[in-house]
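Student: What follows is model-v4.txt; its format and atoms are compact mmCIF, C-alpha atoms and all ligand atoms.
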# COMPACT_ATOMS: atom_id res chain seq x y z
CA MET A 172 82.83 284.61 155.03
CA GLN A 173 81.27 284.35 151.60
CA GLN A 174 82.73 286.79 149.07
CA LYS A 175 80.55 288.37 146.43
CA TYR A 176 81.68 289.51 142.98
CA ASP A 177 80.11 291.75 140.38
CA TYR A 178 81.12 289.35 137.63
CA LEU A 179 81.92 285.67 137.34
CA ILE A 180 84.07 285.29 134.23
CA VAL A 181 84.34 281.81 132.80
CA GLY A 182 87.58 281.51 130.86
CA ALA A 183 90.90 283.24 131.46
CA GLY A 184 91.73 283.62 127.77
CA LEU A 185 92.22 286.96 126.03
CA PHE A 186 88.55 287.84 126.17
CA GLY A 187 88.03 286.96 129.84
CA ALA A 188 91.31 288.58 130.89
CA VAL A 189 90.64 291.84 129.03
CA PHE A 190 87.06 291.96 130.27
CA ALA A 191 88.20 291.38 133.87
CA HIS A 192 90.91 294.03 133.58
CA GLU A 193 88.51 296.60 132.15
CA ALA A 194 85.84 295.81 134.75
CA VAL A 195 88.32 296.10 137.64
CA THR A 196 89.62 299.44 136.34
CA ARG A 197 85.99 300.60 136.46
CA GLY A 198 85.70 299.61 140.11
CA LYS A 199 83.98 296.23 139.64
CA THR A 200 85.05 292.99 141.25
CA CYS A 201 85.57 289.84 139.20
CA LEU A 202 86.14 286.17 139.79
CA VAL A 203 87.84 284.56 136.80
CA ILE A 204 87.73 280.77 136.58
CA ASP A 205 89.15 278.41 133.98
CA ARG A 206 89.01 274.67 133.55
CA ARG A 207 92.63 274.69 132.40
CA GLY A 208 95.42 274.94 134.95
CA HIS A 209 96.78 278.17 133.51
CA ILE A 210 95.71 281.59 132.30
CA GLY A 211 95.90 282.92 128.74
CA GLY A 212 93.61 280.40 127.03
CA ASN A 213 94.91 279.46 123.60
CA ILE A 214 97.74 281.98 123.67
CA HIS A 215 99.29 280.41 126.76
CA CYS A 216 103.08 279.93 126.52
CA GLU A 217 105.54 277.98 128.60
CA GLU A 218 109.22 278.67 128.85
CA VAL A 219 111.28 275.65 127.84
CA GLU A 220 115.04 276.06 128.07
CA GLY A 221 114.73 279.83 127.65
CA ILE A 222 112.35 279.57 124.70
CA GLN A 223 108.71 280.68 124.85
CA VAL A 224 106.78 277.68 123.53
CA HIS A 225 103.23 278.38 122.34
CA CYS A 226 101.43 275.37 123.82
CA TYR A 227 98.37 275.51 121.56
CA GLY A 228 100.03 276.54 118.31
CA ALA A 229 102.08 279.54 117.23
CA HIS A 230 100.52 282.98 117.72
CA ILE A 231 101.55 286.22 116.08
CA PHE A 232 100.08 289.51 117.20
CA HIS A 233 99.16 291.73 114.29
CA THR A 234 96.94 294.75 114.04
CA SER A 235 96.68 297.87 111.92
CA ASP A 236 94.60 299.56 114.62
CA LYS A 237 96.72 302.02 116.62
CA GLU A 238 94.35 301.92 119.60
CA VAL A 239 94.64 298.13 119.83
CA TRP A 240 98.43 298.30 119.40
CA ASP A 241 98.75 300.94 122.14
CA TYR A 242 96.41 298.99 124.43
CA ALA A 243 98.39 295.75 124.13
CA GLY A 244 101.65 297.69 124.47
CA ARG A 245 100.61 298.74 127.97
CA PHE A 246 100.97 295.14 129.15
CA VAL A 247 103.72 293.58 127.06
CA THR A 248 106.83 294.47 125.14
CA PHE A 249 106.84 293.13 121.62
CA ASN A 250 109.95 291.96 119.90
CA HIS A 251 110.46 292.61 116.23
CA PHE A 252 109.28 289.64 114.23
CA VAL A 253 108.91 289.21 110.50
CA ASN A 254 106.77 286.28 109.48
CA SER A 255 108.56 284.60 106.60
CA PRO A 256 107.21 281.08 106.20
CA VAL A 257 108.28 278.78 103.40
CA ALA A 258 106.45 275.83 101.89
CA ILE A 259 107.94 272.65 100.47
CA TYR A 260 106.42 271.60 97.15
CA LYS A 261 107.98 268.72 95.23
CA ASP A 262 111.18 268.99 97.29
CA GLU A 263 111.61 272.70 96.53
CA LEU A 264 111.30 275.55 99.04
CA TYR A 265 108.94 278.41 98.14
CA ASN A 266 108.25 281.75 99.89
CA LEU A 267 104.79 282.16 101.37
CA PRO A 268 102.76 284.29 101.05
CA PHE A 269 103.82 284.13 97.43
CA ASN A 270 105.92 286.92 95.97
CA MET A 271 108.00 287.36 92.83
CA ASN A 272 110.58 284.87 94.19
CA THR A 273 107.84 282.23 94.35
CA PHE A 274 106.66 282.95 90.81
CA SER A 275 110.18 283.09 89.49
CA LYS A 276 110.99 279.68 90.99
CA LEU A 277 107.70 278.18 89.85
CA TRP A 278 107.56 279.46 86.30
CA GLY A 279 110.87 281.17 85.57
CA VAL A 280 109.12 284.57 85.18
CA ARG A 281 110.86 287.83 86.09
CA THR A 282 108.19 290.57 86.10
CA PRO A 283 104.74 290.95 87.70
CA ALA A 284 103.25 291.30 84.21
CA GLN A 285 104.66 287.89 83.21
CA ALA A 286 103.35 286.37 86.45
CA GLN A 287 99.89 287.88 85.81
CA GLU A 288 99.91 286.42 82.30
CA LYS A 289 100.84 282.99 83.64
CA ILE A 290 98.05 283.08 86.27
CA GLN A 291 95.54 284.22 83.66
CA GLU A 292 96.56 281.25 81.47
CA GLN A 293 96.01 278.93 84.43
CA ILE A 294 92.58 280.47 85.14
CA ALA A 295 91.58 279.94 81.50
CA GLU A 296 92.82 276.33 81.69
CA LEU A 297 90.88 275.75 84.93
CA GLU A 298 87.73 277.21 83.40
CA GLY A 299 88.10 274.76 80.49
CA LYS A 300 88.41 271.88 82.96
CA MET A 301 85.37 273.18 84.88
CA GLU A 302 83.28 273.11 81.73
CA ALA A 303 84.38 269.55 81.01
CA ALA A 304 83.62 268.47 84.60
CA ALA A 305 80.14 270.00 84.48
CA CYS A 306 78.25 267.20 86.29
CA ASP A 307 81.10 265.82 88.40
CA TYR A 308 80.36 267.95 91.46
CA GLU A 309 83.27 266.69 93.53
CA ARG A 310 85.77 267.57 90.79
CA LEU A 311 83.94 270.82 90.16
CA THR A 312 84.31 271.81 93.81
CA GLU A 313 88.07 271.12 93.66
CA LEU A 314 88.45 273.11 90.45
CA THR A 315 86.37 276.00 91.79
CA ALA A 316 88.63 276.19 94.86
CA GLU A 317 91.72 276.17 92.60
CA ARG A 318 90.21 278.85 90.41
CA GLU A 319 89.38 281.01 93.43
CA ALA A 320 92.95 280.64 94.73
CA ALA A 321 94.36 281.64 91.33
CA GLN A 322 92.02 284.62 91.13
CA ALA A 323 93.03 285.69 94.66
CA ALA A 324 96.70 285.47 93.63
CA LEU A 325 95.97 287.58 90.57
CA ASP A 326 94.00 290.17 92.59
CA THR A 327 96.86 290.45 95.08
CA LEU A 328 99.33 290.95 92.26
CA TYR A 329 97.22 293.71 90.74
CA GLU A 330 96.82 295.32 94.16
CA LYS A 331 100.57 295.22 94.85
CA TRP A 332 101.29 296.44 91.34
CA GLU A 333 98.96 299.44 91.79
CA GLN A 334 100.39 300.20 95.22
CA LEU A 335 103.97 300.13 93.88
CA SER A 336 103.00 302.30 90.89
CA GLU A 337 101.33 304.81 93.22
CA GLU A 338 104.38 304.88 95.50
CA ALA A 339 106.61 305.42 92.47
CA GLY A 340 104.27 308.28 91.44
CA GLU A 341 103.40 306.65 88.11
C1 LIG B 401 96.68 277.30 116.65
C2 LIG B 401 96.12 278.70 116.76
C3 LIG B 401 96.83 279.75 116.21
C4 LIG B 401 96.30 281.05 116.30
N1 LIG B 401 97.04 282.08 115.83
C5 LIG B 401 96.65 283.34 116.01
C6 LIG B 401 97.48 284.42 115.61
O1 LIG B 401 98.58 284.22 115.10
N2 LIG B 401 97.02 285.69 115.83
C7 LIG B 401 95.81 285.93 116.40
O2 LIG B 401 95.46 287.11 116.57
N3 LIG B 401 95.00 284.92 116.79
C8 LIG B 401 95.38 283.64 116.61
N4 LIG B 401 94.58 282.60 117.03
C9 LIG B 401 93.29 282.93 117.62
C10 LIG B 401 93.44 283.30 119.10
O3 LIG B 401 94.04 282.22 119.78
C11 LIG B 401 92.06 283.51 119.67
O4 LIG B 401 91.37 284.49 118.92
C12 LIG B 401 92.11 283.98 121.12
O5 LIG B 401 93.05 283.25 121.87
C13 LIG B 401 90.72 283.80 121.64
O6 LIG B 401 90.68 284.22 122.98
P1 LIG B 401 89.42 283.84 123.85
O7 LIG B 401 89.62 284.40 125.20
O8 LIG B 401 88.18 284.22 123.12
O9 LIG B 401 89.38 282.24 123.86
P2 LIG B 401 90.42 281.16 124.41
O10 LIG B 401 91.84 281.59 124.27
O11 LIG B 401 90.01 279.86 123.79
O12 LIG B 401 90.11 281.11 125.98
C14 LIG B 401 88.92 280.55 126.46
C15 LIG B 401 89.22 279.96 127.83
O13 LIG B 401 87.99 279.58 128.41
C16 LIG B 401 88.15 278.34 129.07
N5 LIG B 401 86.82 277.71 129.10
C17 LIG B 401 85.99 277.49 128.07
N6 LIG B 401 84.86 276.92 128.50
C18 LIG B 401 84.99 276.79 129.85
C19 LIG B 401 84.15 276.26 130.87
N7 LIG B 401 82.94 275.76 130.58
N8 LIG B 401 84.59 276.27 132.13
C20 LIG B 401 85.83 276.77 132.44
N9 LIG B 401 86.66 277.31 131.52
C21 LIG B 401 86.25 277.29 130.23
C22 LIG B 401 89.15 277.58 128.22
O14 LIG B 401 89.83 276.61 128.98
C23 LIG B 401 90.09 278.71 127.77
O15 LIG B 401 91.22 278.84 128.62
C24 LIG B 401 95.04 281.29 116.92
C25 LIG B 401 94.33 280.20 117.46
C26 LIG B 401 94.86 278.93 117.41
C27 LIG B 401 94.09 277.78 118.01
Is it possible to give me this structure as structure tokens?

Tutor:
Amino acid sequence: MQQKYDYLIVGAGLFGAVFAHEAVTRGKTCLVIDRRGHIGGNIHCEEVEGIQVHCYGAHIFHTSDKEVWDYAGRFVTFNHFVNSPVAIYKDELYNLPFNMNTFSKLWGVRTPAQAQEKIQEQIAELEGKMEAAACDYERLTELTAEREAAQAALDTLYEKWEQLSEEAGE
């Protein structure tokens, strides 16, 4: 006998799985198909010698939305995980995302104000180079990206600085 479904869902990744779950809880019927031999799409994991291996690259669940957190928590138990990556630059290990340890190792500075000063110097230096590279568009693109990264670092520092000052009631 031929079975009929309300929905045919192509892809058993997060989107397809959540959609199917929500549809079924509302009394609909779904057929979920996937060209891969497993469910979960890009977040699929396989257990190898007791370790959950993320087959398509490491995934970390993060949200600041309580509703999303509570929703996901209905299906899985999260373990406590602090993302603390490090980067190797010229044979040295640096904390990422950058923090005062990174700046201290890079430039020998000790306070956020000294780090801000150092980044501002670098921005000024980059702007000088950008002026000199005026018609060399390839170089200009590289320098613009570097300048944007430096500005983003500076903005983050200011943001963190303000947040810490507020918390300290200053
Ligand atoms: C390396 C990597 C790291 C990531 N890290 C994070 C992270 O840390 N945190 C985070 O929140 N997000 C992360 N993401 C993003 C996250 O993986 C995706 O946002 C999420 O998995 C998307 O879910 P989806 O259901 O939309 O798509 P997918 O997971 O891609 O699922 C789509 C499914 O549809 C199937 N499909 C597609 N076309 C067809 C077809 N024609 N016929 C049959 N089946 C089909 C595919 O086989 C697949 O299984 C990362 C992504 C990658 C690649």

Student: When you count all atoms listed in the file, which of these residues is closest to ligand LIG 401 (chain B): A:Met271, A:Val239, A:Leu297, A:Ile290?

Tutor: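 With all atoms listed in the file as the atom set, the closest residue is A:Val239.
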
Student: Each residue of chain A with at least one atom at most 10 Å from ligand LIG 401 (chain B) should appear once, together with its nearest atom pair and the corresponding distance in Å (one decimal); atoms considered: only C-alpha atoms and all ligand atoms; ordering: chain, then increasing residue number; output as a tab-separated table.

Tutor:
residue	atom	partner	partner_atom	distance
A:Ile180	CA	B:LIG401	N9	8.8
A:Val181	CA	B:LIG401	N9	5.2
A:Gly182	CA	B:LIG401	O13	3.1
A:Ala183	CA	B:LIG401	C15	5.2
A:Gly184	CA	B:LIG401	O7	3.4
A:Leu185	CA	B:LIG401	O7	3.7
A:Phe186	CA	B:LIG401	O7	3.7
A:Gly187	CA	B:LIG401	O7	5.5
A:Ala188	CA	B:LIG401	O7	7.3
A:Val189	CA	B:LIG401	O7	8.4
A:Phe190	CA	B:LIG401	O7	9.5
A:Val203	CA	B:LIG401	N9	9.0
A:Ile204	CA	B:LIG401	C20	6.1
A:Asp205	CA	B:LIG401	N9	3.7
A:Arg206	CA	B:LIG401	C20	4.0
A:Arg207	CA	B:LIG401	O14	4.8
A:Gly208	CA	B:LIG401	O14	8.3
A:His209	CA	B:LIG401	O15	7.4
A:Ile210	CA	B:LIG401	O15	6.4
A:Gly211	CA	B:LIG401	O10	6.2
A:Gly212	CA	B:LIG401	O15	3.3
A:Asn213	CA	B:LIG401	O10	3.8
A:Ile214	CA	B:LIG401	O5	5.2
A:His215	CA	B:LIG401	O10	7.9
A:His225	CA	B:LIG401	C1	8.7
A:Cys226	CA	B:LIG401	C1	8.8
A:Tyr227	CA	B:LIG401	C1	5.5
A:Gly228	CA	B:LIG401	C1	3.8
A:Ala229	CA	B:LIG401	C3	5.4
A:His230	CA	B:LIG401	O1	3.5
A:Ile231	CA	B:LIG401	O1	3.7
A:Phe232	CA	B:LIG401	N2	5.1
A:His233	CA	B:LIG401	O2	6.3
A:Thr234	CA	B:LIG401	O2	8.2

Student: In Å to one decimal, how far is atom CA of Trp332 of chain A from atom CA of Ser255 of chain A?

Tutor: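 For atom CA of Ser255 of chain A relative to atom CA of Trp332 of chain A, the distance reads 20.6 Å.
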
Student: To one decimal place in Å, what is the distance between atom CA of Leu179 of chain A and atom CA of Val195 of chain A?

Tutor: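 Atom CA of Val195 of chain A lies 12.2 Å from atom CA of Leu179 of chain A.
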
Student: Using only C-alpha atoms and a cutoff of 12 Å, can you tell me which residues are near (92.7, 285.4, 92.7) in the file's coordinates, and write them out as a PyMOL selection string?

Tutor: chain A and resi 287+290-291+293-294+315-330

Student: Those residues you just picked out, can you put them in a file as a short mmCIF file (atom, residue, chain, number, x, y, z; two decimals), in the frame of the given file with C-alpha atoms?

Tutor:
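Contents of again19.cif, as written:
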data_model
loop_
_atom_site.label_atom_id
_atom_site.label_comp_id
_atom_site.auth_asym_id
_atom_site.auth_seq_id
_atom_site.Cartn_x
_atom_site.Cartn_y
_atom_site.Cartn_z
CA GLN A 287 99.89 287.88 85.81
CA ILE A 290 98.05 283.08 86.27
CA GLN A 291 95.54 284.22 83.66
CA GLN A 293 96.01 278.93 84.43
CA ILE A 294 92.58 280.47 85.14
CA THR A 315 86.37 276.00 91.79
CA ALA A 316 88.63 276.19 94.86
CA GLU A 317 91.72 276.17 92.60
CA ARG A 318 90.21 278.85 90.41
CA GLU A 319 89.38 281.01 93.43
CA ALA A 320 92.95 280.64 94.73
CA ALA A 321 94.36 281.64 91.33
CA GLN A 322 92.02 284.62 91.13
CA ALA A 323 93.03 285.69 94.66
CA ALA A 324 96.70 285.47 93.63
CA LEU A 325 95.97 287.58 90.57
CA ASP A 326 94.00 290.17 92.59
CA THR A 327 96.86 290.45 95.08
CA LEU A 328 99.33 290.95 92.26
CA TYR A 329 97.22 293.71 90.74
CA GLU A 330 96.82 295.32 94.16
#

Student: Identify, on the basis of only C-alpha atoms, every residue whose closest approach to Phe269 of chain A does not exceed 10 Å; exclude the query and any residue fewer than 3 positions from it along the same chain; express the result as a PyMOL selection string.

Tutor: chain A and resi 256-258+265-266+272-274+324+327-328

Student: If we count only C-alpha atoms and set the cut-off at 9 Å, which residues sit around Leu311 of chain A, ignoring sequence neighbours fewer than 4 positions away in its own chain? Please answer as a list in words.

Tutor: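 Result of the neighbour search: Lys300, Met301, Glu302, Ala304, Ala305, Cys306, Asp307, Thr315 and Ala316 of chain A.
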
Student: What's the separation between atom CA of Trp278 of chain A and atom CA of Glu309 of chain A, in Å to one decimal place?

Tutor: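 Computed distance, atom CA of Trp278 of chain A to atom CA of Glu309 of chain A, equals 28.4 Å.
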
Student: Once N, CA and C atoms are restored for segment 284-303 of chain A, what would the output be as a PDB file, in the frame of the given file?

Tutor:
ATOM      1  N   ALA A 284     104.102 291.442  85.394  1.00  0.00           N
ATOM      2  CA  ALA A 284     103.250 291.300  84.210  1.00  0.00           C
ATOM      3  C   ALA A 284     103.319 289.867  83.675  1.00  0.00           C
ATOM      4  N   GLN A 285     104.524 289.276  83.680  1.00  0.00           N
ATOM      5  CA  GLN A 285     104.660 287.890  83.210  1.00  0.00           C
ATOM      6  C   GLN A 285     103.939 286.927  84.154  1.00  0.00           C
ATOM      7  N   ALA A 286     104.030 287.223  85.468  1.00  0.00           N
ATOM      8  CA  ALA A 286     103.350 286.370  86.450  1.00  0.00           C
ATOM      9  C   ALA A 286     101.837 286.457  86.268  1.00  0.00           C
ATOM     10  N   GLN A 287     101.336 287.695  86.030  1.00  0.00           N
ATOM     11  CA  GLN A 287      99.890 287.880  85.810  1.00  0.00           C
ATOM     12  C   GLN A 287      99.441 287.082  84.581  1.00  0.00           C
ATOM     13  N   GLU A 288     100.256 287.140  83.538  1.00  0.00           N
ATOM     14  CA  GLU A 288      99.910 286.420  82.300  1.00  0.00           C
ATOM     15  C   GLU A 288      99.815 284.925  82.572  1.00  0.00           C
ATOM     16  N   LYS A 289     100.781 284.418  83.325  1.00  0.00           N
ATOM     17  CA  LYS A 289     100.840 282.990  83.640  1.00  0.00           C
ATOM     18  C   LYS A 289      99.593 282.582  84.454  1.00  0.00           C
ATOM     19  N   ILE A 290      99.224 283.423  85.440  1.00  0.00           N
ATOM     20  CA  ILE A 290      98.050 283.080  86.270  1.00  0.00           C
ATOM     21  C   ILE A 290      96.793 283.126  85.418  1.00  0.00           C
ATOM     22  N   GLN A 291      96.719 284.132  84.527  1.00  0.00           N
ATOM     23  CA  GLN A 291      95.540 284.220  83.660  1.00  0.00           C
ATOM     24  C   GLN A 291      95.422 282.976  82.765  1.00  0.00           C
ATOM     25  N   GLU A 292      96.557 282.481  82.291  1.00  0.00           N
ATOM     26  CA  GLU A 292      96.560 281.250  81.470  1.00  0.00           C
ATOM     27  C   GLU A 292      96.004 280.094  82.295  1.00  0.00           C
ATOM     28  N   GLN A 293      96.465 280.024  83.573  1.00  0.00           N
ATOM     29  CA  GLN A 293      96.010 278.930  84.430  1.00  0.00           C
ATOM     30  C   GLN A 293      94.515 279.029  84.710  1.00  0.00           C
ATOM     31  N   ILE A 294      94.026 280.286  84.895  1.00  0.00           N
ATOM     32  CA  ILE A 294      92.580 280.470  85.140  1.00  0.00           C
ATOM     33  C   ILE A 294      91.801 279.978  83.921  1.00  0.00           C
ATOM     34  N   ALA A 295      92.275 280.350  82.726  1.00  0.00           N
ATOM     35  CA  ALA A 295      91.580 279.940  81.500  1.00  0.00           C
ATOM     36  C   ALA A 295      91.572 278.408  81.401  1.00  0.00           C
ATOM     37  N   GLU A 296      92.717 277.794  81.746  1.00  0.00           N
ATOM     38  CA  GLU A 296      92.820 276.330  81.690  1.00  0.00           C
ATOM     39  C   GLU A 296      91.859 275.686  82.677  1.00  0.00           C
ATOM     40  N   LEU A 297      91.777 276.280  83.901  1.00  0.00           N
ATOM     41  CA  LEU A 297      90.880 275.750  84.930  1.00  0.00           C
ATOM     42  C   LEU A 297      89.423 275.881  84.491  1.00  0.00           C
ATOM     43  N   GLU A 298      89.111 277.010  83.852  1.00  0.00           N
ATOM     44  CA  GLU A 298      87.730 277.210  83.400  1.00  0.00           C
ATOM     45  C   GLU A 298      87.352 276.175  82.352  1.00  0.00           C
ATOM     46  N   GLY A 299      88.328 275.823  81.489  1.00  0.00           N
ATOM     47  CA  GLY A 299      88.100 274.760  80.490  1.00  0.00           C
ATOM     48  C   GLY A 299      87.799 273.448  81.186  1.00  0.00           C
ATOM     49  N   LYS A 300      88.608 273.139  82.212  1.00  0.00           N
ATOM     50  CA  LYS A 300      88.410 271.880  82.960  1.00  0.00           C
ATOM     51  C   LYS A 300      87.067 271.888  83.663  1.00  0.00           C
ATOM     52  N   MET A 301      86.653 273.080  84.163  1.00  0.00           N
ATOM     53  CA  MET A 301      85.370 273.180  84.880  1.00  0.00           C
ATOM     54  C   MET A 301      84.218 272.885  83.926  1.00  0.00           C
ATOM     55  N   GLU A 302      84.339 273.371  82.732  1.00  0.00           N
ATOM     56  CA  GLU A 302      83.280 273.110  81.730  1.00  0.00           C
ATOM     57  C   GLU A 302      83.172 271.627  81.459  1.00  0.00           C
ATOM     58  N   ALA A 303      84.361 270.984  81.313  1.00  0.00           N
ATOM     59  CA  ALA A 303      84.380 269.550  81.010  1.00  0.00           C
ATOM     60  C   ALA A 303      83.851 268.725  82.179  1.00  0.00           C
TER      61      ALA A 303
END
